[in-house]
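Colleague: Just so it is clear, I am handing over input37.cif, which has mmCIF, C-alpha atoms.
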```cif
data_start
loop_
_atom_site.label_atom_id
_atom_site.label_comp_id
_atom_site.auth_asym_id
_atom_site.auth_seq_id
_atom_site.Cartn_x
_atom_site.Cartn_y
_atom_site.Cartn_z
CA MET C 57 62.98 -89.53 -84.51
CA LYS C 58 64.00 -87.46 -81.49
CA PHE C 59 67.72 -87.19 -80.90
CA ALA C 60 69.49 -85.85 -77.84
CA ILE C 61 73.21 -85.17 -77.81
CA MET C 62 75.81 -84.95 -75.07
CA VAL C 63 79.02 -82.99 -75.73
CA SER C 64 81.83 -83.71 -73.28
CA GLU C 65 84.69 -81.63 -74.65
CA GLY C 66 85.25 -77.93 -75.23
CA PRO C 67 85.69 -76.16 -78.55
CA TYR C 68 88.83 -76.26 -80.71
CA THR C 69 90.94 -78.70 -78.65
CA HIS C 70 88.85 -81.79 -79.41
CA GLN C 71 86.77 -82.59 -82.47
CA ALA C 72 83.87 -83.80 -80.32
CA THR C 73 81.82 -80.62 -80.54
CA ASP C 74 82.42 -80.37 -84.31
CA SER C 75 81.27 -83.95 -84.79
CA ALA C 76 78.22 -83.31 -82.61
CA TYR C 77 77.35 -80.21 -84.62
CA GLN C 78 77.68 -82.00 -87.96
CA PHE C 79 75.57 -84.85 -86.61
CA ALA C 80 72.87 -82.45 -85.42
CA LYS C 81 72.87 -80.61 -88.74
CA ALA C 82 72.56 -83.86 -90.70
CA ALA C 83 69.80 -85.16 -88.42
CA ILE C 84 67.78 -81.99 -88.93
CA ALA C 85 68.36 -82.14 -92.70
CA LYS C 86 66.89 -85.64 -92.66
CA GLY C 87 63.74 -84.42 -90.94
CA HIS C 88 64.62 -85.63 -87.44
CA GLU C 89 64.30 -83.52 -84.35
CA VAL C 90 67.24 -82.63 -82.12
CA THR C 91 65.59 -81.86 -78.83
CA ARG C 92 68.48 -81.07 -76.55
CA VAL C 93 72.26 -80.78 -76.54
CA PHE C 94 73.70 -81.23 -73.08
CA PHE C 95 77.18 -79.84 -72.49
CA TYR C 96 79.15 -81.59 -69.77
CA HIS C 97 82.74 -81.82 -68.53
CA ASP C 98 84.85 -79.31 -70.53
CA GLY C 99 81.97 -79.26 -73.02
CA VAL C 100 80.49 -76.40 -71.01
CA ASN C 101 83.12 -74.17 -72.62
CA ASN C 102 81.14 -74.34 -75.85
CA GLY C 103 78.72 -71.92 -74.25
CA THR C 104 80.86 -68.87 -73.60
CA ARG C 105 80.08 -65.85 -75.75
CA LEU C 106 83.58 -64.46 -75.12
CA THR C 107 85.40 -66.67 -77.64
CA VAL C 108 87.01 -64.80 -80.52
CA PRO C 109 88.26 -67.34 -83.05
CA PRO C 110 90.27 -66.15 -86.08
CA GLN C 111 88.03 -64.94 -88.90
CA ASP C 112 89.09 -67.71 -91.28
CA ASP C 113 88.06 -70.41 -88.81
CA ARG C 114 84.64 -71.73 -87.88
CA ASN C 115 82.93 -70.02 -84.96
CA ILE C 116 81.90 -73.01 -82.90
CA VAL C 117 79.96 -71.10 -80.25
CA ASN C 118 77.98 -68.98 -82.73
CA ARG C 119 77.28 -72.05 -84.82
CA TRP C 120 75.58 -73.75 -81.87
CA SER C 121 73.61 -70.60 -81.04
CA GLU C 122 72.39 -70.32 -84.63
CA ILE C 123 71.39 -73.93 -85.20
CA ALA C 124 69.61 -73.91 -81.85
CA THR C 125 67.63 -70.77 -82.59
CA GLN C 126 66.66 -71.92 -86.07
CA ASN C 127 65.61 -75.40 -84.98
CA ASN C 128 64.41 -74.90 -81.45
CA ILE C 129 67.15 -76.97 -79.85
CA ASP C 130 67.54 -76.71 -76.10
CA LEU C 131 71.25 -76.04 -75.39
CA VAL C 132 71.90 -76.90 -71.77
CA ILE C 133 75.15 -76.27 -69.91
CA CYS C 134 75.58 -78.35 -66.77
CA ILE C 135 75.64 -76.02 -63.79
CA ALA C 136 78.02 -78.06 -61.64
CA ALA C 137 80.53 -78.44 -64.47
CA ALA C 138 80.08 -74.80 -65.47
CA GLN C 139 80.71 -73.40 -62.01
CA ARG C 140 84.01 -75.26 -61.78
CA ARG C 141 85.11 -73.83 -65.11
CA GLY C 142 83.96 -70.23 -64.89
CA LEU C 143 80.79 -70.29 -66.99
CA LEU C 144 78.09 -68.12 -65.43
CA ASP C 145 74.79 -66.70 -66.55
CA GLU C 146 73.52 -63.40 -65.21
CA ASN C 147 71.61 -64.83 -62.26
CA GLU C 148 74.38 -67.16 -61.23
CA ALA C 149 77.00 -64.39 -61.46
CA LYS C 150 74.88 -62.26 -59.17
CA ARG C 151 74.29 -65.10 -56.75
CA GLN C 152 78.00 -65.96 -56.57
CA GLY C 153 79.10 -62.32 -56.32
CA LYS C 154 81.03 -62.39 -59.61
CA ASP C 155 81.54 -59.29 -61.72
CA ALA C 156 80.70 -60.79 -65.12
CA ASN C 157 78.71 -63.42 -66.93
CA ASN C 158 79.51 -65.10 -70.21
CA ILE C 159 76.72 -67.33 -71.52
CA ALA C 160 76.15 -67.20 -75.29
CA PRO C 161 72.67 -66.71 -76.80
CA GLY C 162 70.59 -69.85 -77.02
CA PHE C 163 72.39 -71.58 -74.14
CA ARG C 164 71.01 -71.95 -70.66
CA ILE C 165 72.51 -73.28 -67.45
CA SER C 166 70.70 -76.05 -65.65
CA GLY C 167 71.20 -79.21 -63.65
CA LEU C 168 72.40 -82.70 -64.50
CA GLY C 169 68.84 -83.93 -64.35
CA GLN C 170 68.41 -82.40 -67.80
CA LEU C 171 70.81 -85.00 -69.19
CA VAL C 172 68.92 -87.91 -67.66
CA GLU C 173 65.63 -86.37 -68.78
CA ALA C 174 67.01 -86.04 -72.31
CA GLY C 175 67.83 -89.75 -72.24
CA ILE C 176 64.29 -90.56 -71.14
CA GLN C 177 62.49 -88.28 -73.57
CA SER C 178 64.54 -88.85 -76.73
CA ASP C 179 64.65 -91.91 -78.95
CA ARG C 180 68.45 -91.87 -79.05
CA LEU C 181 71.09 -90.14 -76.96
CA VAL C 182 74.44 -89.83 -78.72
CA VAL C 183 77.57 -88.96 -76.75
CA PHE C 184 80.45 -87.02 -78.29
CA GLY C 185 83.62 -86.75 -76.22
CA ASP C 186 87.20 -87.80 -75.96
CA MET K 199 73.97 -101.68 -80.94
CA LEU K 200 76.02 -99.16 -82.86
CA HIS K 201 79.51 -98.82 -81.36
CA ILE K 202 81.21 -95.53 -82.13
CA VAL K 203 85.00 -95.36 -81.89
CA ASN K 204 86.71 -91.98 -82.14
CA LYS K 205 90.26 -92.89 -81.11
CA SER K 206 93.21 -94.08 -83.12
CA PRO K 207 93.85 -97.77 -82.39
CA PHE K 208 97.55 -96.91 -82.29
CA ASP K 209 96.90 -94.64 -79.31
CA THR K 210 94.21 -96.29 -77.17
CA GLY K 211 92.54 -99.64 -76.70
CA SER K 212 89.01 -98.40 -77.47
CA LEU K 213 88.65 -100.33 -80.71
CA ALA K 214 90.24 -103.45 -79.22
CA SER K 215 87.74 -103.25 -76.35
CA VAL K 216 84.80 -102.90 -78.73
CA LEU K 217 85.95 -105.90 -80.72
CA ARG K 218 86.42 -107.90 -77.52
CA VAL K 219 83.21 -106.91 -75.69
CA ALA K 220 80.57 -105.91 -78.23
CA LYS K 221 77.76 -108.34 -78.98
CA LYS K 222 78.25 -109.20 -82.64
CA ASP K 223 74.62 -110.07 -83.26
CA GLY K 224 72.93 -106.79 -84.17
CA GLY K 225 76.17 -104.90 -83.64
CA ALA K 226 78.04 -102.52 -85.91
CA VAL K 227 81.15 -100.39 -85.58
CA LEU K 228 81.36 -96.80 -86.76
CA LEU K 229 84.81 -95.21 -86.93
CA ILE K 230 84.85 -91.42 -86.60
CA GLU K 231 87.47 -88.74 -85.90
CA ASP K 232 90.86 -90.40 -85.21
CA GLY K 233 89.08 -93.75 -85.11
CA VAL K 234 89.16 -93.84 -88.90
CA TYR K 235 92.90 -94.61 -88.90
CA ALA K 236 91.97 -98.17 -87.90
CA ALA K 237 90.66 -98.75 -91.43
CA THR K 238 94.01 -98.05 -93.08
CA LYS K 239 95.03 -100.68 -95.61
CA ASN K 240 98.04 -102.83 -94.58
CA SER K 241 97.88 -101.47 -91.04
CA ALA K 242 98.24 -103.55 -87.90
CA THR K 243 94.50 -103.18 -87.30
CA GLU K 244 93.24 -104.21 -90.73
CA ALA K 245 93.03 -107.89 -89.81
CA SER K 246 91.15 -107.23 -86.57
CA LEU K 247 88.53 -105.16 -88.42
CA LYS K 248 88.16 -107.87 -91.05
CA ALA K 249 87.51 -110.34 -88.23
CA ALA K 250 85.12 -107.97 -86.41
CA GLY K 251 82.10 -110.16 -87.09
CA MET K 252 80.07 -106.98 -87.47
CA PRO K 253 79.68 -104.42 -90.23
CA VAL K 254 82.30 -101.68 -90.05
CA TYR K 255 81.51 -98.14 -91.18
CA VAL K 256 83.92 -95.26 -91.67
CA LEU K 257 82.88 -91.61 -91.57
CA GLN K 258 84.10 -90.39 -94.93
CA PRO K 259 84.58 -86.69 -94.04
CA ASP K 260 86.94 -87.74 -91.23
CA ALA K 261 88.81 -90.18 -93.49
CA ASP K 262 89.12 -87.52 -96.21
CA ALA K 263 90.36 -84.92 -93.74
CA ARG K 264 93.13 -87.31 -92.73
CA GLY K 265 94.23 -88.15 -96.24
CA LEU K 266 93.00 -91.72 -96.12
CA GLN K 267 90.92 -91.76 -99.32
CA SER K 268 93.27 -93.95 -101.31
CA ARG K 269 94.58 -95.99 -98.41
CA LEU K 270 91.40 -97.47 -96.95
CA MET K 271 91.11 -101.22 -96.57
CA ASP K 272 88.52 -103.23 -98.46
CA GLY K 273 85.35 -104.34 -96.76
CA VAL K 274 84.47 -101.18 -94.84
CA ASN K 275 81.43 -99.06 -95.67
CA MET K 276 81.79 -95.33 -96.15
CA VAL K 277 79.12 -93.02 -94.74
CA ASP K 278 78.68 -89.27 -94.57
CA TYR K 279 77.07 -87.47 -91.60
CA GLY K 280 73.64 -88.30 -93.00
CA GLY K 281 74.68 -91.96 -93.05
CA PHE K 282 75.88 -91.57 -89.46
CA VAL K 283 72.39 -90.36 -88.52
CA ASP K 284 70.82 -93.31 -90.38
CA LEU K 285 73.07 -95.73 -88.50
CA VAL K 286 72.07 -94.29 -85.13
CA ALA K 287 68.39 -94.35 -86.08
CA GLY K 288 68.69 -97.84 -87.54
CA HIS K 289 70.12 -99.49 -84.43
CA ASP K 290 68.23 -100.01 -81.19
CA ASN K 291 70.91 -98.27 -79.18
CA VAL K 292 74.26 -96.57 -79.47
CA GLN K 293 77.41 -96.43 -77.41
CA SER K 294 80.40 -94.12 -77.77
CA TRP K 295 83.61 -95.75 -76.59
CA LEU K 296 85.33 -92.63 -75.28
CA MET Y 56 64.52 -98.27 -78.39
CA SER Y 57 64.23 -101.79 -77.08
CA ASP Y 58 60.95 -103.61 -77.30
CA ASP Y 59 60.86 -104.55 -73.65
CA MET Y 60 60.45 -101.03 -72.35
CA ASP Y 61 58.28 -100.90 -69.27
CA PHE Y 62 55.65 -98.37 -68.45
CA GLU Y 63 54.84 -97.67 -64.85
CA GLU Y 64 52.72 -95.00 -63.23
CA GLY Y 65 52.46 -93.22 -66.53
CA GLY Y 66 56.22 -92.78 -66.77
CA THR Y 67 58.70 -94.53 -68.98
CA ILE Y 68 61.34 -96.68 -67.36
CA LYS Y 69 64.40 -96.99 -69.51
CA LYS Y 70 67.53 -98.97 -69.05
CA PHE Y 71 70.37 -96.54 -68.44
CA MET Y 72 73.94 -97.76 -68.39
CA PHE Y 73 76.82 -95.53 -67.36
CA VAL Y 74 80.03 -96.87 -68.82
CA ASN Y 75 83.25 -96.03 -67.02
CA ARG Y 76 86.45 -96.72 -68.94
CA LYS Y 77 88.74 -94.14 -67.40
CA ALA Y 78 90.84 -94.08 -64.25
CA PRO Y 79 90.11 -91.54 -61.50
CA TYR Y 80 92.12 -88.36 -60.70
CA GLY Y 81 94.16 -88.15 -63.91
CA THR Y 82 91.07 -86.71 -65.55
CA ILE Y 83 87.73 -85.54 -64.14
CA TYR Y 84 85.55 -87.96 -66.11
CA ALA Y 85 85.16 -90.52 -63.32
CA LEU Y 86 84.16 -87.92 -60.73
CA GLU Y 87 81.73 -86.03 -62.95
CA GLY Y 88 80.39 -89.34 -64.24
CA LEU Y 89 79.56 -90.34 -60.70
CA GLU Y 90 77.69 -87.07 -60.24
CA VAL Y 91 75.40 -88.01 -63.14
CA VAL Y 92 74.85 -91.45 -61.66
CA LEU Y 93 73.75 -89.94 -58.34
CA ILE Y 94 71.32 -87.58 -60.07
CA SER Y 95 69.91 -90.40 -62.18
CA ALA Y 96 68.70 -92.10 -59.02
CA ALA Y 97 66.01 -89.43 -58.66
CA PHE Y 98 64.44 -90.42 -61.99
CA ASP Y 99 63.44 -93.97 -61.05
CA GLN Y 100 65.07 -95.51 -64.09
CA ASP Y 101 66.70 -98.93 -64.40
CA VAL Y 102 70.28 -97.80 -63.79
CA SER Y 103 73.47 -99.83 -64.07
CA LEU Y 104 77.17 -99.00 -64.08
CA ALA Y 105 79.75 -100.79 -66.18
CA PHE Y 106 83.47 -100.70 -65.40
CA VAL Y 107 85.67 -101.66 -68.31
CA ASP Y 108 89.37 -101.06 -69.08
CA ASP Y 109 90.91 -98.40 -66.79
CA GLY Y 110 87.44 -97.75 -65.35
CA VAL Y 111 88.05 -100.64 -62.93
CA PHE Y 112 90.69 -98.48 -61.21
CA GLN Y 113 87.85 -96.29 -59.91
CA LEU Y 114 86.82 -99.11 -57.60
CA VAL Y 115 90.11 -100.17 -56.04
CA LYS Y 116 90.51 -100.08 -52.28
CA GLY Y 117 93.00 -97.88 -50.52
CA GLN Y 118 92.72 -94.64 -52.49
CA LYS Y 119 94.45 -91.86 -50.51
CA THR Y 120 94.37 -88.47 -52.13
CA ASP Y 121 95.75 -86.17 -49.39
CA GLY Y 122 99.01 -85.79 -51.27
CA ILE Y 123 97.40 -84.52 -54.45
CA GLU Y 124 94.87 -82.30 -52.67
CA MET Y 125 91.98 -83.79 -54.57
CA LYS Y 126 88.82 -85.20 -53.06
CA ASN Y 127 88.83 -88.97 -52.60
CA PHE Y 128 85.43 -89.79 -54.06
CA SER Y 129 85.82 -93.56 -53.91
CA PRO Y 130 83.61 -93.93 -50.78
CA THR Y 131 80.73 -92.68 -52.92
CA TYR Y 132 80.65 -95.99 -54.79
CA ARG Y 133 79.78 -97.67 -51.50
CA ALA Y 134 76.96 -95.17 -50.99
CA LEU Y 135 75.28 -96.02 -54.30
CA GLU Y 136 73.36 -98.84 -52.65
CA GLY Y 137 71.53 -96.22 -50.58
CA TYR Y 138 70.35 -94.68 -53.83
CA ASP Y 139 69.04 -98.07 -54.99
CA ILE Y 140 71.82 -98.29 -57.54
CA GLU Y 141 73.01 -101.83 -57.11
CA LYS Y 142 73.91 -103.01 -60.59
CA LEU Y 143 77.66 -102.58 -60.79
CA TYR Y 144 79.15 -104.67 -63.57
CA VAL Y 145 82.89 -105.22 -63.89
CA ASP Y 146 84.67 -106.71 -66.87
CA ARG Y 147 86.76 -109.66 -65.67
CA GLU Y 148 89.46 -109.36 -68.31
CA SER Y 149 90.00 -105.68 -67.49
CA LEU Y 150 90.51 -106.59 -63.83
CA GLU Y 151 92.87 -109.46 -64.54
CA ALA Y 152 94.91 -107.50 -67.06
CA ARG Y 153 95.56 -104.95 -64.31
CA GLY Y 154 96.61 -107.53 -61.73
CA LEU Y 155 93.37 -107.07 -59.79
CA SER Y 156 90.72 -109.36 -58.43
CA GLU Y 157 87.31 -108.81 -56.85
CA ASP Y 158 89.02 -108.69 -53.44
CA ASP Y 159 90.80 -105.50 -54.44
CA LEU Y 160 87.51 -103.66 -54.99
CA LEU Y 161 85.84 -101.49 -52.37
CA VAL Y 162 82.26 -102.41 -53.20
CA ASP Y 163 80.26 -105.48 -54.13
CA VAL Y 164 80.13 -105.91 -57.87
CA GLN Y 165 79.14 -108.47 -60.43
CA VAL Y 166 82.26 -109.58 -62.28
CA MET Y 167 81.42 -110.83 -65.74
CA SER Y 168 82.91 -112.07 -68.97
CA ALA Y 169 83.24 -109.91 -72.04
CA ALA Y 170 80.35 -111.74 -73.65
CA GLU Y 171 78.10 -111.14 -70.66
CA MET Y 172 79.11 -107.47 -70.61
CA GLY Y 173 78.40 -107.18 -74.33
CA ASP Y 174 74.95 -108.71 -73.81
CA MET Y 175 74.25 -106.31 -70.96
CA MET Y 176 75.24 -103.32 -73.10
CA ALA Y 177 73.11 -104.48 -76.00
CA GLN Y 178 70.03 -104.53 -73.76
CA GLN Y 179 70.24 -100.87 -72.81
CA ASP Y 180 68.08 -97.99 -74.01
CA VAL Y 181 70.56 -95.27 -73.11
CA VAL Y 182 74.32 -95.66 -72.73
CA ILE Y 183 76.23 -92.70 -71.36
CA SER Y 184 79.98 -93.05 -71.39
CA PHE Y 185 82.52 -90.93 -69.58
#
```
Written as structure tokens, how would this file's structure read?

Modeller:
Amino acid sequence: MKFAIMVSEGPYTHQATDSAYQFAKAAIAKGHEVTRVFFYHDGVNNGTRLTVPPQDDRNIVNRWSEIATQNNIDLVICIAAAQRRGLLDENEAKRQGKDANNIAPGFRISGLGQLVEAGIQSDRLVVFGD
Amino acid sequence: MLHIVNKSPFDTGSLASVLRVAKKDGGAVLLIEDGVYAATKNSATEASLKAAGMPVYVLQPDADARGLQSRLMDGVNMVDYGGFVDLVAGHDNVQSWL
Amino acid sequence: MSDDMDFEEGGTIKKFMFVNRKAPYGTIYALEGLEVVLISAAFDQDVSLAFVDDGVFQLVKGQKTDGIEMKNFSPTYRALEGYDIEKLYVDRESLEARGLSEDDLLVDVQVMSAAEMGDMMAQQDVVISF
């Protein structure tokens, strides 16, 4: 079965992204496919490579990058939500005249249509938020 | 439809809304995150879950994390994340009551 | 996936429901939820919106946001018709519990019982909640 996931909260404050990750990991372990994870609202903050969590804690951002690379999951950060919250990839930083970008490996920035498309193309879309 | 509740019933009305609105036929409730507190034995919500008219599942890792192992009510079904996946796959559709 | 899925012009038409259970302004969910709804119109899906619990506050007349310097996005609900999004479902008990009636709402909606709302939800292919 093809699963798509929406994550609506950022890392560490809410459990939503942890739950989504555990769900994705379990789905893959059961032989399902996780096609796309769409990060919306404060969920876009899961995609910054500048987080530095304490060494004895989970690294939420790296964990998403790794599971995505290993299992070919499309990690999409909503552009409109990202711009509001200071998440920029290289192109967008250039376009907006900003001096830095911060997108973690395996993530890409794209439009809200990617969420609707994920709903159309997957068998189930599961929302994790607060 | 699988109805996922992630909020404590002592904090928000999410669970109450699920129990009021959800179509019982073909429905199921999955408690995750702080939603698992609803399944506490002798709590104010125990009776409402017993009268849910739908199967009620509790995500065990979340219950364990919150120290609920020995205080869970009877009649709920424990699942791990793999069971969570099975529940989503096994229902026609899923709704998270955020 | 429901059995009654339609196929048209080679594309899949799914039933998408956007469930709104949060009030506007206090958090961004209502506003960003509406942004998804607008985008979804471009995908020619069978789209509906449900307003339950505090979500009904999104639709009340007379919103004036000058004093909080936030954008009043309530007129957008009236514009949905122009996007062919005409299925707006409101939970009667949520309205009544908040001292509201259909006359307090700024757009035409279908007010329904909890049972009708539950039936509507159960018919969907994709439910995205904010």

Colleague: Applied to this file, what does the PyMOL selection byres ((chain Y and resi 87) around 9) return in terms of residues, put as a PyMOL selection string?

Modeller: (chain C and resi 96-97+136-137) or (chain Y and resi 83-86+88-92+185)

Colleague: Write a file of the just-selected residues containing C-alpha atoms, as a compact mmCIF listing (two decimals), in the coordinates of the input.

Modeller:
```txt
# COMPACT_ATOMS: atom_id res chain seq x y z
CA TYR C 96 79.15 -81.59 -69.77
CA HIS C 97 82.74 -81.82 -68.53
CA ALA C 136 78.02 -78.06 -61.64
CA ALA C 137 80.53 -78.44 -64.47
CA ILE Y 83 87.73 -85.54 -64.14
CA TYR Y 84 85.55 -87.96 -66.11
CA ALA Y 85 85.16 -90.52 -63.32
CA LEU Y 86 84.16 -87.92 -60.73
CA GLY Y 88 80.39 -89.34 -64.24
CA LEU Y 89 79.56 -90.34 -60.70
CA GLU Y 90 77.69 -87.07 -60.24
CA VAL Y 91 75.40 -88.01 -63.14
CA VAL Y 92 74.85 -91.45 -61.66
CA PHE Y 185 82.52 -90.93 -69.58
```

Colleague: Please determine the contact residues of chain K with respect to chain C at a cut-off of 6 Å, counting only C-alpha atoms, and supply them as a short mmCIF file (atom, residue, chain, number, x, y, z; two decimals) with C-alpha atoms, in the coordinates of the input.

Modeller:
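For reference, selection17.cif as written:
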```cif
data_model
loop_
_atom_site.label_atom_id
_atom_site.label_comp_id
_atom_site.auth_asym_id
_atom_site.auth_seq_id
_atom_site.Cartn_x
_atom_site.Cartn_y
_atom_site.Cartn_z
CA TYR K 279 77.07 -87.47 -91.60
CA GLY K 280 73.64 -88.30 -93.00
CA VAL K 283 72.39 -90.36 -88.52
CA SER K 294 80.40 -94.12 -77.77
CA LEU K 296 85.33 -92.63 -75.28
#
```

Colleague: Quick one: pull the distance between CA of Leu135 (chain Y) and CA of Met172 (chain Y), Å, one decimal.

Modeller: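 Between CA of Leu135 (chain Y) and CA of Met172 (chain Y) the gap works out to 20.3 Å.
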
Colleague: Using the chain letters and numbers from this file, what does the PyMOL selection byres ((chain Y and resi 182) around 7) select? Give the answer as a list in words.

Modeller: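 Evaluating the PyMOL selection byres ((chain Y and resi 182) around 7) on these coordinates yields Val292 and Gln293 of chain K; Phe71, Met72, Phe73, Gln179, Asp180, Val181, Ile183 and Ser184 of chain Y.
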
Colleague: I would like the residues chosen by the PyMOL selection byres ((chain K and resi 247) around 10) on the shown file; could you give them as a PyMOL selection string?

Modeller: chain K and resi 213-214+217+227+236-237+242-246+248-254+271+273-274

Colleague: Using all atoms listed in the file, find the one residue out of Y:Ser95, Y:Asn75, Y:Thr82, Y:Thr120 that sits nearest to chain C.

Modeller: Y:Ser95

Colleague: Smallest atom-to-atom distance to chain Y: which of K:Gly233, K:Pro207, K:Gly225, K:Gly265, using all atoms listed in the file?

Modeller: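 With all atoms listed in the file as the atom set, the closest residue is K:Gly225.
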
Colleague: In the coordinate frame of the file, compute which residues have an atom within 6 Å of (81.2, -95.0, -96.4) when using only C-alpha atoms, and state them as a count of residues only.

Modeller: 5

Colleague: Could you list, with a cut-off of 6 Å and counting all atoms listed in the file, the residues of chain K near chain Y, each shown with its nearest atom pair and the distance in Å rounded to one decimal, rows sorted by chain and ascending number, as a tab-separated table?

Modeller:
```
residue	atom	partner	partner_atom	distance
K:Met199	CA	Y:Ala177	CA	5.7
K:Val219	CA	Y:Ala169	CA	4.7
K:Ala220	CA	Y:Gly173	CA	4.6
K:Lys221	CA	Y:Gly173	CA	4.8
K:Asp290	CA	Y:Met56	CA	5.0
K:Asn291	CA	Y:Asp180	CA	5.9
K:Gln293	CA	Y:Val182	CA	5.7
```

Colleague: Mind checking which residues fall within 6 Å of region 101-103 of chain C, counting only C-alpha atoms, ignoring those fewer than 2 positions away in the same chain, and posting them as JSON, numbers by chain?

Modeller: {"C": [66, 67, 98, 99, 117, 159, 160]}

Colleague: Produce region 162-176 of chain C of the given structure as output with N, CA, C and O atoms, as a CSV table (one decimal), in the first residue's frame.

Modeller:
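Result saved to selection.csv:
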```
chain,number,residue,atom,x,y,z
C,162,GLY,N,17.8,15.8,1.5
C,162,GLY,CA,16.6,14.9,1.3
C,162,GLY,C,15.3,15.7,1.3
C,162,GLY,O,14.3,15.2,0.9
C,163,PHE,N,15.3,17.0,1.8
C,163,PHE,CA,14.1,17.8,1.8
C,163,PHE,C,14.1,18.7,0.5
C,163,PHE,O,15.2,19.0,0.0
C,164,ARG,N,12.9,19.0,0.0
C,164,ARG,CA,12.8,20.0,-1.0
C,164,ARG,C,11.7,20.9,-0.7
C,164,ARG,O,10.7,20.5,0.0
C,165,ILE,N,11.7,22.1,-1.3
C,165,ILE,CA,10.6,23.1,-1.1
C,165,ILE,C,9.8,23.1,-2.3
C,165,ILE,O,10.2,23.1,-3.4
C,166,SER,N,8.5,23.0,-2.1
C,166,SER,CA,7.5,23.0,-3.2
C,166,SER,C,6.2,23.5,-2.7
C,166,SER,O,6.0,23.8,-1.6
C,167,GLY,N,5.2,23.5,-3.7
C,167,GLY,CA,3.9,24.1,-3.4
C,167,GLY,C,3.0,23.2,-2.7
C,167,GLY,O,3.2,22.0,-2.6
C,168,LEU,N,1.9,23.8,-2.3
C,168,LEU,CA,0.8,23.1,-1.6
C,168,LEU,C,0.1,22.0,-2.5
C,168,LEU,O,-0.5,21.1,-2.0
C,169,GLY,N,0.3,22.2,-3.8
C,169,GLY,CA,-0.3,21.2,-4.7
C,169,GLY,C,0.3,19.8,-4.4
C,169,GLY,O,-0.4,18.8,-4.7
C,170,GLN,N,1.5,19.8,-3.9
C,170,GLN,CA,2.1,18.5,-3.6
C,170,GLN,C,1.4,17.7,-2.5
C,170,GLN,O,1.4,16.5,-2.5
C,171,LEU,N,0.7,18.4,-1.6
C,171,LEU,CA,-0.1,17.8,-0.6
C,171,LEU,C,-1.4,17.2,-1.2
C,171,LEU,O,-1.7,16.0,-1.0
C,172,VAL,N,-2.0,17.9,-2.1
C,172,VAL,CA,-3.2,17.4,-2.7
C,172,VAL,C,-2.9,16.3,-3.6
C,172,VAL,O,-3.6,15.2,-3.6
C,173,GLU,N,-1.8,16.4,-4.3
C,173,GLU,CA,-1.3,15.3,-5.2
C,173,GLU,C,-1.0,14.1,-4.4
C,173,GLU,O,-1.3,13.0,-4.9
C,174,ALA,N,-0.4,14.3,-3.3
C,174,ALA,CA,-0.1,13.1,-2.4
C,174,ALA,C,-1.4,12.4,-2.0
C,174,ALA,O,-1.5,11.2,-1.9
C,175,GLY,N,-2.4,13.2,-1.7
C,175,GLY,CA,-3.7,12.6,-1.4
C,175,GLY,C,-4.3,11.8,-2.5
C,175,GLY,O,-5.0,10.8,-2.3
C,176,ILE,N,-4.1,12.3,-3.7
C,176,ILE,CA,-4.7,11.6,-4.9
C,176,ILE,C,-3.9,10.4,-5.2
C,176,ILE,O,-4.5,9.3,-5.5
```
